[in-house]
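Worksheet: one structure, shown below.
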Protein chains: 2
Amino acid sequence: MRIHIQNAPEDPLFAITPRQWEEAARRAGEGEAGHDLSIGDRAEEFAAAIAAAEAVIAPPGALSSLFPVAAPRLRLIFCTTAGVDGLAPFSRLPPAAVLVCNRGIHGAKAGEFAIMAILMLAAQMPTLIAAQSCGRWEPRYTQTLAGRRLCVVGLGTLGGAAAARAAAFGMEVTGVSRSGTSPGITACRAVIPADDLDAALPEAEFLLLACPLTPLTRRMIDRRRLASLPQGAGVVNIGRGAVLDEDALADLLAAGHLGGAVLDVFDHEPLPPDHRLWRTPNLVVTPHISADDPTTYNPRTLDRFFAGLAALRRGDPVPNAVDFVRGY
Amino acid sequence: MRIHIQNAPEDPLFAITPRQWEEAARRAGEGEAGHDLSIGDRAEEFAAAIAAAEAVIAPPGALSSLFPVAAPRLRLIFCTTAGVDGLAPFSRLPPAAVLVCNRGIHGAKAGEFAIMAILMLAAQMPTLIAAQSCGRWEPRYTQTLAGRRLCVVGLGTLGGAAAARAAAFGMEVTGVSRSGTSPGITACRAVIPADDLDAALPEAEFLLLACPLTPLTRRMIDRRRLASLPQGAGVVNIGRGAVLDEDALADLLAAGHLGGAVLDVFDHEPLPPDHRLWRTPNLVVTPHISADDPTTYNPRTLDRFFAGLAALRRGDPVPNAVDFVRGY
């Protein structure tokens, strides 16, 4: 099979190497399958490979900038990120190819980041960090997490891992999913549909956003909903920045209605140097690092690619094929 | 029984109230026992009560400043903190009274603080926080905790809780105790005696200090031992500041040998405003808040006091009686 891997030159830490490919092929039992592989990170390399390629592996930035292009033999497009919102409109892609997203590999790291962020907010670490920067010894004694209420919006890989970690600390977790169901997730005391979100927010001491960006979730957490959280609540966003009204969040933090927030994702990334969020009180800004473990990312990505390839070959449904209507 | 509670006027959040006393007495089945209680926070109130008092409940600062004093009827001195290093030399106390420390109530909060600190160091949060303060988007992608090596020095309440949380994240925990044993603690892959510490440090990606301050532990983690940690290691101290050579830690952080540290306890508290630790790179300073949950502290303290009283009355050994030779 002719397979092309397009790496992102600006992201060398996550560039897939020939050696990683060979090891993954061996793990998949395809070490001797005679695949014809090309790897590149420049537009010319993509252009040279795409006319003959049957499968392509690439991050969304490369896919959105390099398509549309004639790719008559292409059957599988494997996007190396879990979120494919950056690829919309999907009409730019060849209609005969299946688009697969890299959902499911981010759970371990995201669960750890989520519980770290919740522990930091519960301990009022943003306030303590600000006091440290001024050399001020100002103790804040705080409660443990047991029995406290967390609302997790989005029960996919990220939200499911976050809910499991929170439950292990004794938190009472309410999950929110599009449908109100959450197959395979047992950590939530209750799971409600997104339509019932308004009822859950006034009860939530902590709100964790872990949903994909779709037409339904864009600005779902608007000013009114943020204001409906109880006084002192903490907010964490590890999903997509545009799910949240960033300006409203900053206003409510500055006014003291919200107790603190940890944002890892933003409307515009990188966050511009003069953006108010860098300096909003009680806000911790991290640069979209909550879910990516570089020591395991590429090996797991390639394992999933080979699983997708095998399904396609058998004529089975390809795992994590993107539904263009839902948007994930 | 005549009982005196001496509160610290500088610490009103942790002042024991008559209502907390009544509720605890009820829980202990001593609501109708007719105890003669006095509560105060001034030296005159202590002086007026101590000659007749049979038991006293007080923080170490009050005890060390108010003793020695004639207390002919005193049988039980209940120190409201776990650490009693501030009370040495113990010869200031009436020899006929049992000194009891408040060991065991700090576990839940300390375990949460410890794993938060380890997660923050693993995620390079000190570096990300410094980048935020300059408005710089500088991603650092980091590994999860699973399989990584943590050395916990001190396997009492704090260290045991920290080890349990770390094991739940898949860390490989080596515990260090005075004797090399750790009754009741199952989270450690290995437990070694303090004499073997030198062998454990070069293996430790994270070092967590949770031991009491005693003549044996003072400056136990000196410059040589800190330097023997591997490049990039993280250090957390939730025990006592003087266990560690703070200046050596700051030097090794500034030089980049250590990757980061979280210190909650210090040689001199409050940490003076001009101390270099406030501004040491990759160091998070918190103001001795890692183990105290104000919503549960006083009720649990009083429950332990009543348990001690009951043991004394029965003629049994009093739980958490301080061994003046060991120092805890």
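A note on labels: chains of the structure tokens are A, B, ... as shown, every chain counts residues from 1, and ligands are counted from 1 in their shown order.
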| said: With 6 Å as the limit and counting only C-alpha atoms, what residues in chain B lie close to chain A? Please list them as a PyMOL selection string. | reply: chain B and resi 109+116+132+135+137+139+141-144+273+278+287+289+293
Within 9 Å of region 80-90 of chain B: each region 208-321 of chain B residue with its shortest pair, only C-alpha atoms, as a Markdown table:
```
| residue | atom | partner | partner_atom | distance |
| --- | --- | --- | --- | --- |
| B:Pro212 | CA | B:Gly83 | CA | 6.3 |
| B:Leu213 | CA | B:Asp85 | CA | 6.0 |
| B:Thr214 | CA | B:Asp85 | CA | 6.8 |
| B:Gly239 | CA | B:Gly83 | CA | 8.7 |
| B:Arg240 | CA | B:Gly83 | CA | 8.5 |
| B:Asn298 | CA | B:Thr80 | CA | 8.7 |
| B:Thr301 | CA | B:Thr80 | CA | 6.7 |
```
| query | Hey, what does DSSP flag as strand (DSSP E) within region 151-264 of chain B? Can you give it to me as a PyMOL selection string? | reply | chain B and resi 151-153+172-177+190-193+206-209+233-237+258-263
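The two atoms in question, CA of Ile39 (chain A) and CA of Glu22 (chain A), are spaced 12.5 Å apart.
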| request: Can you work out the spacing between CA of Leu263 (chain B) and CA of Gly61 (chain B) in Å, to one decimal? | output: 21.8 Å
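Across the model, the gap from CA of Ala167 (chain B) to CA of Leu150 (chain B) is 9.3 Å.
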| request: Could you give me the residues within region 71-168 of chain A that DSSP places in alpha helix (DSSP H), as a ChimeraX atom specification? | output: /A:107-122,125-133,157-168
| field | Neighbour list for Leu229 (chain A) as a PyMOL selection string, cut-off 7 Å, only C-alpha atoms, skip fewer than 4 positions in-chain | value | chain A and resi 201-202+204+225+233
Taking C-alpha atoms for each residue, export the selection above as a tab-separated table (two decimals), in the first residue's frame.
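Contents of part01.tsv, as written:
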```
chain	number	residue	atom	x	y	z
A	201	LEU	CA	-24.31	24.51	36.72
A	202	PRO	CA	-25.63	26.21	39.92
A	204	ALA	CA	-21.17	22.71	40.37
A	225	ARG	CA	-24.03	30.06	32.18
A	233	ALA	CA	-16.50	28.00	41.63
```
| field | All residues 10 Å or closer to Val176 (chain B), only C-alpha atoms, same chain fewer than 3 positions away omitted, as number ranges by chain | value | B: 151-155, 159, 173, 179-182, 188, 190-197, 200, 209-211
Selection export as a compact mmCIF listing (two decimals), in the first residue's frame, atoms kept: C-alpha atoms:
```txt
# COMPACT_ATOMS: atom_id res chain seq x y z
CA CYS B 151 11.10 8.34 47.06
CA VAL B 152 9.01 9.20 50.14
CA VAL B 153 11.05 10.02 53.26
CA GLY B 154 8.94 9.51 56.38
CA LEU B 155 6.12 6.98 56.38
CA GLY B 159 4.11 10.11 53.89
CA VAL B 173 7.23 4.29 45.36
CA SER B 179 13.60 1.51 60.97
CA GLY B 180 13.07 0.36 57.40
CA THR B 181 9.60 -0.91 58.24
CA SER B 182 6.21 0.67 57.63
CA CYS B 188 5.48 1.18 48.60
CA ALA B 190 10.14 -1.15 48.78
CA VAL B 191 10.75 0.28 52.24
CA ILE B 192 14.30 0.99 53.29
CA PRO B 193 15.87 2.28 56.53
CA ALA B 194 17.05 5.90 56.68
CA ASP B 195 20.63 4.62 56.77
CA ASP B 196 20.25 3.42 53.18
CA LEU B 197 18.96 6.74 51.85
CA ALA B 200 17.82 5.45 46.88
CA LEU B 209 9.93 14.76 52.39
CA ALA B 210 7.26 14.02 55.00
CA CYS B 211 9.26 13.31 58.14
```
